Structure formats: structure tokens, C-alpha cells
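Quick notes on the structure that follows.
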Amino acid sequence: MVNGYRPQTLDEALEIRANTGAIPLAGGTDLMVRHKNIPGALPKFEEPVVFISHLEEIRGVKAEDGIVKIGAATTLAELENDEKIPAVLREAISNMAARNVRHIATIGGNVCNASPAGDTLVPLYALDAGVKLASTNGVRTLPVQDFITGPGQTALAPDEILTEIVIPTRSFTKEYYRKVGTRKAMALSRVSFAALADVNGGLIEDIRFAFGAVAPTVVRSREIEKQFISRTVDEIKGDAPQWAQKFAPLLKPIDDQRASAQYRRKVAINLAVYFIEEIL
Ligand SMILES: Cc1cc2nc3c(=O)[nH]c(=O)nc-3n(C[C@H](O)[C@H](O)[C@H](O)COP(=O)(O)OP(=O)(O)OC[C@H]3O[C@@H](n4cnc5c(N)ncnc54)[C@H](O)[C@@H]3O)c2cc1C
């Protein structure tokens with residue numbers, strides 16, 4: 001059985017978090033599965049839960065002051081067709097789960113779940129997203145890559161709730177997202193990849209590559225990306241495999257039931273080659 005609190009406001013939810021350490025439950029699509037030990041039985045929770053998906057303060061999307069602000073309890077279905085959301089993130093969301101799951105699952109839940117195969121994380125890393133964390137003591141904002149500290153691990157304090165995902169408003173001339181999974185809708189990624197670039201007069205002014213499900217967390221390297229900057233597209237395309245291979249040291253995949261480490265490494269590099277040769 002679930003021993004749960006249903007606060008009316010965010011402040012009330014934060015008080016509950018501070019006083020009881022109750023686990024936030026948004027859509028429950030990860031949490032309920034994780035706590036279901038016996039098939040057919042109700043999920044069993046050792047700790048109380050605090051329901052948050054109905055809290056208006058952490059729902060909806062706003063674009064203001066050069067930032068897209070996404071309430072953590074906004075469902076994936078709500079984000080999928082919202083023009084304020086960067087196309088690369090919408091593309092990732094439309095490839096996640098089945099429609100009925102997307103109507104319940106939230107973006108905050110996907111971020112806090114911190115799976116190396118979490119599909120919103122790959123575009124969020126590429127987009128330089130940040131996360132806003134609230135507690136009764138105040139609010140702090142972290143870059144998403146500092147929030148995710150390992151597989152299933154985050155910097156969320158026991159009294160905090162993720163309230164907002166913030167993305168700098170910025171357009172790119174080239175955007176690409178690809179999820180390689182077993183079955184498109186219902187599978188977690190074997191490998192996922194997002195790449196963004198700004199090309200002006202044939203010159204690369206900005207470029208970002210993010211890889212999912214190939215290491216304990218999503219990986220991205222600004223040091224490697226910097227090597228592309230101020231070079232011509234023709235120069236990079238001229239030796240795409242060599243440029244893509246620069247990302248190989250970041251890839252530390254594991255063998256699991258979905259794919260072998262060797263397969264994951266190969267697919268990740270091939271996706272980078274494809275982006276350089278066909279999209280850039
Ligand atoms: C059939 C099925 C298919 C799926 N397919 C995919 C897929 O293709 N890709 C993919 O990435 N995932 C997939 N998932 C996993 C899941 O649906 C997503 O990760 C989803 O976004 C989780 O959101 P939620 O609101 O349901 O999270 P919940 O289950 O409510 O919570 C997940 C975790 O985040 C914490 N949490 C949630 N919200 C907050 C908050 N605001 N502040 C602090 N902590 C919070 C919870 O305490 C919990 O630890 C699938 C799940 C199912 C059941």
C-alpha cells in the first residue's frame with residue numbers, strides 16, 4: 001500500500017519533504033514499477049510518498065527572458081506538441097514510451113530517474129539545460145550534468161523537489177536526434193544521440209554532441225567540441241570518421257540484455273559520423 005500525502009501547494013509539499021522525507025511521486029511510471037515486487041500485487045513503499053503531479057506551480061511551459069522554463073510535473077504528452085520546446089527535445093519525447101504512458105509520465109520524473117538511457121537527458125545535455133531545485137530553505141539551480149551524479153543518482157537533497165527545467169532559448173542551424181532501441185515506442189534506448197550545430201557561411205560557430213546509454217551517465221565533452229569550432233564544414237566532412245572517433249574515449253558502455261558494449265560503442269560512433277556527413 002502507498003502511505004501518501006496530497007499537498008495543495010508547492011510550499012506544503014516542501015514542508016512535507018522537510019518533515020517526513022517522503023518520496024516525490026509524479027506520474028509514477030518509474031516509481032510504481034520499481035516498487036512492484038510481486039506481479040499483480042500493489043506496489044509496496046517502505047517510505048511515505050508525496051504526490052506532486054497536480055501542483056500548478058510546477059506545471060506548464062513559459063518562454064521568458066531568453067529562457068524556456070518547463071515545470072517539472074509537465075507531462076511528456078503536453079511537451080510533445082508545444083512549439084516553445086526545442087525541436088530536438090520534442091523529437092526525443094515523441095520517441096519515448098507509448099502515448100498512454102506519455103500522458104502520465106513527467107519530464108521531472110525522467111530527469112530525477114537519472115537513467116543513462118533516460119531519453120530527455122540526451123537533448124537536455126546538448127541544450128545546456130539547468131534544473132531548479134526548491135526546498136523550505138530556498139532555491140538553487142544546477143547544470144543538468146552536475147545534477148546527475150551516476151546511474152540512478154542525483155544531487156537532489158532529501159528535502160528538495162525539482163521544480164523547473166530551464167533551457168536557454170537559442171536556435172541552431174542543424175539539429176539531429178536519434179534513438180536506437182528494440183521497439184520504437186516501448187523500449188529504453190540501446191543508444192541515443194543528439195547533436196546541434198550553428199553553421200554560418202560554411203564555418204562551425206557552435207557544435208554539441210551528447211550520447212546516451214553508453215556510459216554511467218549521458219556524456220558530452222566541451223573540450224572535444226571546441227576542436228570543431230572555427231573550422232569549415234568541408235574540412236570536418238572530409239574526414240568524418242576521424243572526427244567522430246574523437247568521442248570514443250567518452251564511451252564506457254556495458255553489456256546488458258538490450259545490447260552488447262561493443263555494439264553500443266560502434267552505433268554511437270556511427271551516429272556521430274552520420275551527423276557529420278549527412279546533417280552538418
Ligand atoms: C512502459 C514504459 C515505457 C517507458 N519508456 C521509456 C522510454 O522510452 N524512455 C525513457 O526515458 N523512459 C521510459 N520509461 C520510464 C518513465 O516513463 C520515464 O522515466 C518518465 O518520464 C518518469 O516520469 P514519472 O513522472 O512517471 O516519474 P515517477 O515515477 O513519478 O518518478 C521517477 C523518479 O523521479 C523522482 N521524482 C519525480 N518527479 C520529481 C520532482 N519533481 N522532484 C524530485 N524528484 C522527483 C521520484 O521520486 C522517482 O525517484 C518507460 C516506463 C514505462 C512504464
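In the C-alpha cells, each chain is lettered A, B, ... as it comes, each chain's residues begin at 1, and ligands are numbered from 1 in order of appearance.
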Using only C-alpha atoms, which protein or nucleic acid residues come within 10 Å of range 137-144 of chain A? Drop anything in the same chain fewer than 3 positions from it, and give the result as an mmCIF file with N, CA, C and O atoms, in the first residue's frame.
data_model
loop_
_atom_site.group_PDB
_atom_site.id
_atom_site.type_symbol
_atom_site.label_atom_id
_atom_site.label_comp_id
_atom_site.auth_asym_id
_atom_site.auth_seq_id
_atom_site.Cartn_x
_atom_site.Cartn_y
_atom_site.Cartn_z
ATOM 1 N N LEU A 14 6.859 21.040 0.052
ATOM 2 C CA LEU A 14 8.235 21.204 0.550
ATOM 3 C C LEU A 14 8.293 20.999 2.064
ATOM 4 O O LEU A 14 9.256 20.426 2.584
ATOM 5 N N ALA A 18 10.470 18.222 3.941
ATOM 6 C CA ALA A 18 11.410 18.576 5.011
ATOM 7 C C ALA A 18 11.115 17.794 6.290
ATOM 8 O O ALA A 18 12.030 17.359 6.989
ATOM 9 N N VAL A 111 14.070 13.079 -15.579
ATOM 10 C CA VAL A 111 15.357 13.663 -15.178
ATOM 11 C C VAL A 111 15.796 13.075 -13.832
ATOM 12 O O VAL A 111 16.930 12.626 -13.676
ATOM 13 N N LEU A 121 17.234 13.237 -21.302
ATOM 14 C CA LEU A 121 18.529 13.745 -20.830
ATOM 15 C C LEU A 121 19.494 14.064 -21.964
ATOM 16 O O LEU A 121 20.258 15.032 -21.872
ATOM 17 N N LEU A 124 18.679 17.375 -23.326
ATOM 18 C CA LEU A 124 18.877 18.385 -22.269
ATOM 19 C C LEU A 124 20.365 18.673 -22.064
ATOM 20 O O LEU A 124 20.760 19.818 -21.861
ATOM 21 N N TYR A 125 21.220 17.643 -22.115
ATOM 22 C CA TYR A 125 22.666 17.882 -22.030
ATOM 23 C C TYR A 125 23.116 18.745 -23.213
ATOM 24 O O TYR A 125 23.864 19.707 -23.039
ATOM 25 N N LEU A 127 21.466 20.821 -24.971
ATOM 26 C CA LEU A 127 20.887 22.170 -24.936
ATOM 27 C C LEU A 127 21.413 23.027 -23.778
ATOM 28 O O LEU A 127 20.934 24.139 -23.565
ATOM 29 N N ASP A 128 22.368 22.495 -22.998
ATOM 30 C CA ASP A 128 22.906 23.233 -21.828
ATOM 31 C C ASP A 128 21.805 23.539 -20.815
ATOM 32 O O ASP A 128 21.759 24.647 -20.234
ATOM 33 N N ALA A 129 20.913 22.587 -20.593
ATOM 34 C CA ALA A 129 19.789 22.807 -19.674
ATOM 35 C C ALA A 129 20.266 22.851 -18.226
ATOM 36 O O ALA A 129 21.326 22.316 -17.876
ATOM 37 N N GLY A 130 19.436 23.490 -17.414
ATOM 38 C CA GLY A 130 19.692 23.521 -15.976
ATOM 39 C C GLY A 130 18.464 23.006 -15.226
ATOM 40 O O GLY A 130 17.375 22.904 -15.802
ATOM 41 N N VAL A 131 18.637 22.683 -13.944
ATOM 42 C CA VAL A 131 17.492 22.238 -13.136
ATOM 43 C C VAL A 131 17.370 23.133 -11.915
ATOM 44 O O VAL A 131 18.379 23.515 -11.295
ATOM 45 N N LYS A 132 16.124 23.489 -11.595
ATOM 46 C CA LYS A 132 15.860 24.358 -10.441
ATOM 47 C C LYS A 132 15.338 23.472 -9.310
ATOM 48 O O LYS A 132 14.361 22.726 -9.498
ATOM 49 N N LEU A 133 15.995 23.550 -8.166
ATOM 50 C CA LEU A 133 15.650 22.684 -7.037
ATOM 51 C C LEU A 133 15.182 23.565 -5.883
ATOM 52 O O LEU A 133 15.863 24.522 -5.523
ATOM 53 N N ALA A 134 14.014 23.224 -5.320
ATOM 54 C CA ALA A 134 13.476 24.047 -4.231
ATOM 55 C C ALA A 134 13.402 23.234 -2.946
ATOM 56 O O ALA A 134 13.184 22.013 -2.963
ATOM 57 N N PHE A 147 23.754 17.854 -11.894
ATOM 58 C CA PHE A 147 22.649 17.269 -11.115
ATOM 59 C C PHE A 147 22.707 15.738 -11.169
ATOM 60 O O PHE A 147 22.503 15.063 -10.166
ATOM 61 N N ILE A 148 23.009 15.205 -12.347
ATOM 62 C CA ILE A 148 23.085 13.746 -12.499
ATOM 63 C C ILE A 148 24.478 13.300 -12.068
ATOM 64 O O ILE A 148 25.471 13.689 -12.683
ATOM 65 N N THR A 149 24.545 12.494 -11.009
ATOM 66 C CA THR A 149 25.864 12.145 -10.476
ATOM 67 C C THR A 149 26.262 10.693 -10.767
ATOM 68 O O THR A 149 27.395 10.307 -10.538
ATOM 69 N N THR A 154 21.338 11.344 -8.215
ATOM 70 C CA THR A 154 21.308 12.782 -8.486
ATOM 71 C C THR A 154 21.780 13.553 -7.249
ATOM 72 O O THR A 154 21.929 12.970 -6.168
ATOM 73 N N ALA A 155 21.940 14.861 -7.450
ATOM 74 C CA ALA A 155 22.341 15.734 -6.332
ATOM 75 C C ALA A 155 21.122 16.243 -5.559
ATOM 76 O O ALA A 155 21.258 17.166 -4.747
ATOM 77 N N ASP A 159 15.370 16.994 1.189
ATOM 78 C CA ASP A 159 14.239 17.908 1.405
ATOM 79 C C ASP A 159 13.875 18.697 0.145
ATOM 80 O O ASP A 159 13.062 19.618 0.203
ATOM 81 N N GLU A 160 14.489 18.358 -0.993
ATOM 82 C CA GLU A 160 14.263 19.162 -2.203
ATOM 83 C C GLU A 160 13.263 18.518 -3.172
ATOM 84 O O GLU A 160 13.081 17.303 -3.185
ATOM 85 N N ILE A 161 12.691 19.391 -4.001
ATOM 86 C CA ILE A 161 11.850 18.955 -5.122
ATOM 87 C C ILE A 161 12.374 19.669 -6.364
ATOM 88 O O ILE A 161 12.702 20.865 -6.300
ATOM 89 N N LEU A 162 12.496 18.948 -7.448
ATOM 90 C CA LEU A 162 12.837 19.580 -8.732
ATOM 91 C C LEU A 162 11.590 20.319 -9.207
ATOM 92 O O LEU A 162 10.523 19.714 -9.344
ATOM 93 N N THR A 163 11.722 21.630 -9.403
ATOM 94 C CA THR A 163 10.538 22.404 -9.780
ATOM 95 C C THR A 163 10.518 22.771 -11.257
ATOM 96 O O THR A 163 9.459 22.878 -11.861
ATOM 97 N N GLU A 164 11.700 22.988 -11.838
ATOM 98 C CA GLU A 164 11.719 23.522 -13.208
ATOM 99 C C GLU A 164 12.962 23.051 -13.958
ATOM 100 O O GLU A 164 14.028 22.907 -13.362
ATOM 101 N N ILE A 165 12.791 22.855 -15.237
ATOM 102 C CA ILE A 165 13.936 22.607 -16.128
ATOM 103 C C ILE A 165 14.074 23.858 -16.971
ATOM 104 O O ILE A 165 13.081 24.325 -17.541
ATOM 105 N N VAL A 166 15.268 24.433 -17.017
ATOM 106 C CA VAL A 166 15.460 25.693 -17.739
ATOM 107 C C VAL A 166 16.419 25.489 -18.915
ATOM 108 O O VAL A 166 17.464 24.850 -18.778
ATOM 109 N N ILE A 167 16.001 26.033 -20.060
ATOM 110 C CA ILE A 167 16.793 25.846 -21.285
ATOM 111 C C ILE A 167 17.004 27.222 -21.931
ATOM 112 O O ILE A 167 16.024 27.913 -22.211
#
Please build the interface table for range 55-140 of chain A against range 205-221 of chain A with a cut-off of 6 Å, listing for each qualifying residue the nearest atom pair and the distance in Å to one decimal; count only C-alpha atoms, order rows by chain and increasing number, and write it as CSV.
residue,atom,partner,partner_atom,distance
A:Pro116,CA,A:Thr217,CA,4.6
A:Ala117,CA,A:Ala213,CA,4.5
A:Val122,CA,A:Ala210,CA,5.7
A:Ala126,CA,A:Ala210,CA,5.6
Please produce a file of those selected residues containing all heavy atoms, as a PDB file, in the first residue's frame.
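After the write, again.pdb holds the following:
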ATOM      1  N   PRO A 116      20.950   6.263 -17.412  1.00  0.00           N
ATOM      2  CA  PRO A 116      21.854   6.597 -18.523  1.00  0.00           C
ATOM      3  C   PRO A 116      21.127   6.522 -19.859  1.00  0.00           C
ATOM      4  O   PRO A 116      21.575   7.079 -20.851  1.00  0.00           O
ATOM      5  CB  PRO A 116      22.950   5.533 -18.434  1.00  0.00           C
ATOM      6  CG  PRO A 116      22.695   4.739 -17.201  1.00  0.00           C
ATOM      7  CD  PRO A 116      21.352   5.085 -16.642  1.00  0.00           C
ATOM      8  N   ALA A 117      19.965   5.811 -19.876  1.00  0.00           N
ATOM      9  CA  ALA A 117      19.172   5.689 -21.101  1.00  0.00           C
ATOM     10  C   ALA A 117      17.951   6.609 -21.069  1.00  0.00           C
ATOM     11  O   ALA A 117      17.064   6.489 -21.909  1.00  0.00           O
ATOM     12  CB  ALA A 117      18.730   4.237 -21.283  1.00  0.00           C
ATOM     13  N   VAL A 122      19.453  13.281 -23.023  1.00  0.00           N
ATOM     14  CA  VAL A 122      20.414  13.484 -24.115  1.00  0.00           C
ATOM     15  C   VAL A 122      20.221  14.872 -24.742  1.00  0.00           C
ATOM     16  O   VAL A 122      21.167  15.666 -24.789  1.00  0.00           O
ATOM     17  CB  VAL A 122      20.312  12.322 -25.140  1.00  0.00           C
ATOM     18  CG1 VAL A 122      21.276  12.532 -26.288  1.00  0.00           C
ATOM     19  CG2 VAL A 122      20.593  11.003 -24.449  1.00  0.00           C
ATOM     20  N   ALA A 126      22.650  18.394 -24.422  1.00  0.00           N
ATOM     21  CA  ALA A 126      23.090  19.134 -25.619  1.00  0.00           C
ATOM     22  C   ALA A 126      22.626  20.585 -25.575  1.00  0.00           C
ATOM     23  O   ALA A 126      23.304  21.477 -26.067  1.00  0.00           O
ATOM     24  CB  ALA A 126      22.568  18.435 -26.878  1.00  0.00           C
TER      25      ALA A 126
END
Strand (DSSP E) residues, from DSSP on the backbone, in range 85-201 of chain A, as a VMD selection string: chain A and resid 130 to 135 138 to 143 148 to 150 153 to 154 161 to 168 174 to 181 189 to 200
Selected residues written out, N, CA and C atoms, as a short mmCIF file (atom, residue, chain, number, x, y, z; two decimals), in the first residue's frame:
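As a result, result_15.cif now contains:
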data_model
loop_
_atom_site.label_atom_id
_atom_site.label_comp_id
_atom_site.auth_asym_id
_atom_site.auth_seq_id
_atom_site.Cartn_x
_atom_site.Cartn_y
_atom_site.Cartn_z
N GLY A 130 19.44 23.49 -17.41
CA GLY A 130 19.69 23.52 -15.98
C GLY A 130 18.46 23.01 -15.23
N VAL A 131 18.64 22.68 -13.94
CA VAL A 131 17.49 22.24 -13.14
C VAL A 131 17.37 23.13 -11.91
N LYS A 132 16.12 23.49 -11.59
CA LYS A 132 15.86 24.36 -10.44
C LYS A 132 15.34 23.47 -9.31
N LEU A 133 15.99 23.55 -8.17
CA LEU A 133 15.65 22.68 -7.04
C LEU A 133 15.18 23.57 -5.88
N ALA A 134 14.01 23.22 -5.32
CA ALA A 134 13.48 24.05 -4.23
C ALA A 134 13.40 23.23 -2.95
N SER A 135 13.59 23.93 -1.83
CA SER A 135 13.36 23.34 -0.50
C SER A 135 12.79 24.46 0.38
N GLY A 138 15.03 27.55 0.34
CA GLY A 138 15.28 28.39 -0.84
C GLY A 138 15.37 27.58 -2.12
N VAL A 139 15.97 28.22 -3.13
CA VAL A 139 16.03 27.61 -4.47
C VAL A 139 17.46 27.63 -4.95
N ARG A 140 17.90 26.58 -5.63
CA ARG A 140 19.22 26.61 -6.28
C ARG A 140 19.07 26.04 -7.69
N THR A 141 19.96 26.46 -8.59
CA THR A 141 19.92 25.96 -9.96
C THR A 141 21.25 25.31 -10.29
N LEU A 142 21.19 24.12 -10.89
CA LEU A 142 22.41 23.40 -11.29
C LEU A 142 22.35 23.07 -12.77
N PRO A 143 23.50 23.03 -13.45
CA PRO A 143 23.51 22.48 -14.81
C PRO A 143 23.10 21.00 -14.73
N ILE A 148 23.01 15.20 -12.35
CA ILE A 148 23.08 13.75 -12.50
C ILE A 148 24.48 13.30 -12.07
N THR A 149 24.54 12.49 -11.01
CA THR A 149 25.86 12.14 -10.48
C THR A 149 26.26 10.69 -10.77
N GLY A 150 25.35 9.89 -11.28
CA GLY A 150 25.65 8.50 -11.61
C GLY A 150 24.38 7.82 -12.07
N GLN A 153 21.41 8.18 -9.85
CA GLN A 153 21.82 9.03 -8.74
C GLN A 153 21.82 10.51 -9.14
N THR A 154 21.34 11.34 -8.22
CA THR A 154 21.31 12.78 -8.49
C THR A 154 21.78 13.55 -7.25
N ILE A 161 12.69 19.39 -4.00
CA ILE A 161 11.85 18.95 -5.12
C ILE A 161 12.37 19.67 -6.36
N LEU A 162 12.50 18.95 -7.45
CA LEU A 162 12.84 19.58 -8.73
C LEU A 162 11.59 20.32 -9.21
N THR A 163 11.72 21.63 -9.40
CA THR A 163 10.54 22.40 -9.78
C THR A 163 10.52 22.77 -11.26
N GLU A 164 11.70 22.99 -11.84
CA GLU A 164 11.72 23.52 -13.21
C GLU A 164 12.96 23.05 -13.96
N ILE A 165 12.79 22.86 -15.24
CA ILE A 165 13.94 22.61 -16.13
C ILE A 165 14.07 23.86 -16.97
N VAL A 166 15.27 24.43 -17.02
CA VAL A 166 15.46 25.69 -17.74
C VAL A 166 16.42 25.49 -18.91
N ILE A 167 16.00 26.03 -20.06
CA ILE A 167 16.79 25.85 -21.28
C ILE A 167 17.00 27.22 -21.93
N PRO A 168 18.28 27.62 -22.15
CA PRO A 168 18.50 28.90 -22.84
C PRO A 168 17.84 28.87 -24.22
N LYS A 174 21.52 23.35 -37.42
CA LYS A 174 21.46 21.90 -37.63
C LYS A 174 21.06 21.23 -36.32
N GLU A 175 20.05 20.36 -36.39
CA GLU A 175 19.61 19.63 -35.19
C GLU A 175 19.36 18.18 -35.57
N TYR A 176 19.78 17.27 -34.70
CA TYR A 176 19.58 15.85 -35.02
C TYR A 176 19.40 15.07 -33.73
N TYR A 177 18.42 14.17 -33.74
CA TYR A 177 18.23 13.26 -32.60
C TYR A 177 17.95 11.88 -33.15
N ARG A 178 18.51 10.88 -32.53
CA ARG A 178 18.24 9.51 -32.97
C ARG A 178 18.27 8.59 -31.75
N LYS A 179 17.23 7.77 -31.65
CA LYS A 179 17.19 6.74 -30.59
C LYS A 179 17.26 5.39 -31.27
N VAL A 180 18.21 4.59 -30.86
CA VAL A 180 18.29 3.23 -31.38
C VAL A 180 17.81 2.32 -30.25
N GLY A 181 16.62 1.74 -30.44
CA GLY A 181 16.03 0.91 -29.39
C GLY A 181 15.60 -0.42 -29.96
N SER A 189 16.39 3.09 -24.60
CA SER A 189 17.38 3.17 -25.68
C SER A 189 18.49 2.15 -25.50
N ARG A 190 18.93 1.59 -26.63
CA ARG A 190 20.21 0.88 -26.61
C ARG A 190 21.32 1.92 -26.72
N VAL A 191 21.07 2.90 -27.56
CA VAL A 191 21.96 4.06 -27.71
C VAL A 191 21.08 5.24 -28.13
N SER A 192 21.35 6.43 -27.59
CA SER A 192 20.66 7.59 -28.12
C SER A 192 21.68 8.71 -28.32
N PHE A 193 21.31 9.63 -29.19
CA PHE A 193 22.30 10.61 -29.64
C PHE A 193 21.61 11.90 -30.02
N ALA A 194 22.15 13.02 -29.59
CA ALA A 194 21.64 14.32 -30.04
C ALA A 194 22.83 15.17 -30.45
N ALA A 195 22.66 15.89 -31.55
CA ALA A 195 23.72 16.79 -31.98
C ALA A 195 23.09 18.09 -32.48
N LEU A 196 23.75 19.20 -32.16
CA LEU A 196 23.28 20.53 -32.55
C LEU A 196 24.48 21.28 -33.12
N ALA A 197 24.22 22.10 -34.09
CA ALA A 197 25.32 22.92 -34.61
C ALA A 197 24.80 24.22 -35.16
N ASP A 198 25.65 25.22 -35.11
CA ASP A 198 25.36 26.51 -35.72
C ASP A 198 26.44 26.73 -36.77
N VAL A 199 26.02 26.77 -38.01
CA VAL A 199 26.97 26.92 -39.11
C VAL A 199 26.65 28.23 -39.83
N ASN A 200 27.66 29.04 -40.01
CA ASN A 200 27.46 30.34 -40.66
C ASN A 200 28.51 30.50 -41.76
#
Coordinates-based distance that separates CA of Gly238 in chain A from CA of Ile269 in chain A (Å, one decimal): 16.2 Å
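Among the candidate residues A:Ala272, A:Val233, A:Leu31, A:Leu55, the one lying nearest to Glu12 in chain A is A:Leu55, with distances computed using only C-alpha atoms.
Counting only C-alpha atoms and comparing A:Arg17, A:Ser94, A:Thr75, A:Glu80, the residue that lies closest to Pro48 in chain A is A:Arg17.
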Residues near Thr74 in chain A, cut-off 10 Å, only C-alpha atoms, skip fewer than 3 positions along chain, as a PyMOL selection string: chain A and resi 26-27+53-56+58-61+70-71+77-79+103-109+164
Would you save the residues from that selection as a PDB file, in the first residue's frame, using N, CA, C and O atoms?
ATOM      1  N   ALA A  26       5.474  11.633  -9.080  1.00  0.00           N
ATOM      2  CA  ALA A  26       4.860  12.474 -10.116  1.00  0.00           C
ATOM      3  C   ALA A  26       3.906  11.596 -10.923  1.00  0.00           C
ATOM      4  O   ALA A  26       2.796  11.307 -10.472  1.00  0.00           O
ATOM      5  N   GLY A  27       4.336  11.112 -12.110  1.00  0.00           N
ATOM      6  CA  GLY A  27       3.469  10.217 -12.879  1.00  0.00           C
ATOM      7  C   GLY A  27       3.458   8.800 -12.311  1.00  0.00           C
ATOM      8  O   GLY A  27       2.528   8.030 -12.536  1.00  0.00           O
ATOM      9  N   SER A  53       2.158  15.611  -8.936  1.00  0.00           N
ATOM     10  CA  SER A  53       1.864  15.864 -10.362  1.00  0.00           C
ATOM     11  C   SER A  53       0.736  16.880 -10.571  1.00  0.00           C
ATOM     12  O   SER A  53       0.620  17.455 -11.643  1.00  0.00           O
ATOM     13  N   HIS A  54      -0.095  17.115  -9.544  1.00  0.00           N
ATOM     14  CA  HIS A  54      -1.212  18.050  -9.684  1.00  0.00           C
ATOM     15  C   HIS A  54      -0.838  19.484  -9.305  1.00  0.00           C
ATOM     16  O   HIS A  54      -1.665  20.382  -9.427  1.00  0.00           O
ATOM     17  N   LEU A  55       0.383  19.713  -8.819  1.00  0.00           N
ATOM     18  CA  LEU A  55       0.745  21.042  -8.294  1.00  0.00           C
ATOM     19  C   LEU A  55       0.951  22.047  -9.433  1.00  0.00           C
ATOM     20  O   LEU A  55       1.907  21.921 -10.224  1.00  0.00           O
ATOM     21  N   GLU A  56       0.077  23.038  -9.508  1.00  0.00           N
ATOM     22  CA  GLU A  56       0.091  24.001 -10.621  1.00  0.00           C
ATOM     23  C   GLU A  56       1.419  24.746 -10.712  1.00  0.00           C
ATOM     24  O   GLU A  56       1.878  25.084 -11.797  1.00  0.00           O
ATOM     25  N   ILE A  58       4.330  23.783 -10.493  1.00  0.00           N
ATOM     26  CA  ILE A  58       5.412  23.072 -11.201  1.00  0.00           C
ATOM     27  C   ILE A  58       4.899  22.420 -12.491  1.00  0.00           C
ATOM     28  O   ILE A  58       5.422  21.421 -12.955  1.00  0.00           O
ATOM     29  N   ARG A  59       3.850  23.024 -13.054  1.00  0.00           N
ATOM     30  CA  ARG A  59       3.310  22.518 -14.322  1.00  0.00           C
ATOM     31  C   ARG A  59       3.326  23.615 -15.387  1.00  0.00           C
ATOM     32  O   ARG A  59       3.210  24.784 -15.072  1.00  0.00           O
ATOM     33  N   GLY A  60       3.482  23.215 -16.652  1.00  0.00           N
ATOM     34  CA  GLY A  60       3.364  24.150 -17.767  1.00  0.00           C
ATOM     35  C   GLY A  60       4.701  24.659 -18.291  1.00  0.00           C
ATOM     36  O   GLY A  60       5.762  24.400 -17.694  1.00  0.00           O
ATOM     37  N   VAL A  61       4.628  25.376 -19.412  1.00  0.00           N
ATOM     38  CA  VAL A  61       5.838  25.860 -20.093  1.00  0.00           C
ATOM     39  C   VAL A  61       5.738  27.365 -20.290  1.00  0.00           C
ATOM     40  O   VAL A  61       4.691  27.864 -20.702  1.00  0.00           O
ATOM     41  N   ILE A  70      10.385  24.890 -18.050  1.00  0.00           N
ATOM     42  CA  ILE A  70       9.452  23.761 -18.108  1.00  0.00           C
ATOM     43  C   ILE A  70       9.170  23.281 -16.685  1.00  0.00           C
ATOM     44  O   ILE A  70      10.087  22.830 -15.978  1.00  0.00           O
ATOM     45  N   GLY A  71       7.927  23.366 -16.263  1.00  0.00           N
ATOM     46  CA  GLY A  71       7.554  22.861 -14.947  1.00  0.00           C
ATOM     47  C   GLY A  71       7.837  21.362 -14.870  1.00  0.00           C
ATOM     48  O   GLY A  71       7.530  20.611 -15.800  1.00  0.00           O
ATOM     49  N   ALA A  77       3.423  14.217 -22.866  1.00  0.00           N
ATOM     50  CA  ALA A  77       2.451  14.481 -23.937  1.00  0.00           C
ATOM     51  C   ALA A  77       2.215  15.981 -24.099  1.00  0.00           C
ATOM     52  O   ALA A  77       2.075  16.471 -25.220  1.00  0.00           O
ATOM     53  N   GLU A  78       2.205  16.711 -22.990  1.00  0.00           N
ATOM     54  CA  GLU A  78       1.994  18.168 -23.074  1.00  0.00           C
ATOM     55  C   GLU A  78       3.175  18.853 -23.772  1.00  0.00           C
ATOM     56  O   GLU A  78       2.995  19.877 -24.429  1.00  0.00           O
ATOM     57  N   LEU A  79       4.363  18.302 -23.616  1.00  0.00           N
ATOM     58  CA  LEU A  79       5.559  18.939 -24.187  1.00  0.00           C
ATOM     59  C   LEU A  79       5.736  18.629 -25.667  1.00  0.00           C
ATOM     60  O   LEU A  79       6.312  19.418 -26.420  1.00  0.00           O
ATOM     61  N   HIS A 103       1.184  10.412 -21.476  1.00  0.00           N
ATOM     62  CA  HIS A 103       0.152  11.259 -20.875  1.00  0.00           C
ATOM     63  C   HIS A 103       0.262  11.301 -19.350  1.00  0.00           C
ATOM     64  O   HIS A 103      -0.346  12.143 -18.707  1.00  0.00           O
ATOM     65  N   ILE A 104       1.003  10.380 -18.757  1.00  0.00           N
ATOM     66  CA  ILE A 104       1.135  10.317 -17.288  1.00  0.00           C
ATOM     67  C   ILE A 104       2.552  10.714 -16.855  1.00  0.00           C
ATOM     68  O   ILE A 104       2.740  11.435 -15.884  1.00  0.00           O
ATOM     69  N   ALA A 105       3.541  10.217 -17.598  1.00  0.00           N
ATOM     70  CA  ALA A 105       4.948  10.425 -17.228  1.00  0.00           C
ATOM     71  C   ALA A 105       5.322  11.903 -17.351  1.00  0.00           C
ATOM     72  O   ALA A 105       4.880  12.596 -18.267  1.00  0.00           O
ATOM     73  N   THR A 106       6.170  12.377 -16.433  1.00  0.00           N
ATOM     74  CA  THR A 106       6.574  13.783 -16.443  1.00  0.00           C
ATOM     75  C   THR A 106       8.049  13.916 -16.831  1.00  0.00           C
ATOM     76  O   THR A 106       8.831  12.971 -16.695  1.00  0.00           O
ATOM     77  N   ILE A 107       8.407  15.112 -17.270  1.00  0.00           N
ATOM     78  CA  ILE A 107       9.818  15.355 -17.619  1.00  0.00           C
ATOM     79  C   ILE A 107      10.672  15.338 -16.353  1.00  0.00           C
ATOM     80  O   ILE A 107      11.784  14.814 -16.343  1.00  0.00           O
ATOM     81  N   GLY A 108      10.126  15.872 -15.254  1.00  0.00           N
ATOM     82  CA  GLY A 108      10.884  15.873 -13.992  1.00  0.00           C
ATOM     83  C   GLY A 108      11.185  14.461 -13.526  1.00  0.00           C
ATOM     84  O   GLY A 108      12.279  14.182 -13.020  1.00  0.00           O
ATOM     85  N   GLY A 109      10.230  13.562 -13.717  1.00  0.00           N
ATOM     86  CA  GLY A 109      10.434  12.162 -13.335  1.00  0.00           C
ATOM     87  C   GLY A 109      11.534  11.522 -14.165  1.00  0.00           C
ATOM     88  O   GLY A 109      12.364  10.777 -13.653  1.00  0.00           O
ATOM     89  N   GLU A 164      11.700  22.988 -11.838  1.00  0.00           N
ATOM     90  CA  GLU A 164      11.719  23.522 -13.208  1.00  0.00           C
ATOM     91  C   GLU A 164      12.962  23.051 -13.958  1.00  0.00           C
ATOM     92  O   GLU A 164      14.028  22.907 -13.362  1.00  0.00           O
TER      93      GLU A 164
END
DSSP alpha helix (DSSP H) residues within range 58-168 of chain A, listed as a PyMOL selection string: chain A and resi 76-80+87-94+99-102+107-113+121-126+144-147
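Of the listed residues A:Gly66, A:Gly21, A:Gly118, A:Gly4, the one whose atoms come nearest to ligand 1 is A:Gly118, with distances taken using only C-alpha atoms and all ligand atoms.
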Option closest in space to ligand 1, from A:Glu223, A:Asp65, A:Asp119, A:Glu57 [counting only C-alpha atoms and all ligand atoms]: A:Asp119
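The closest residue to ligand 1, picked from A:Arg99, A:Arg265, A:Arg258, A:Lys44 and counting only C-alpha atoms and all ligand atoms, is A:Arg99.
Reported to one decimal place, the separation of CA of Thr169 in chain A from CA of Val88 in chain A is 12.7 Å.
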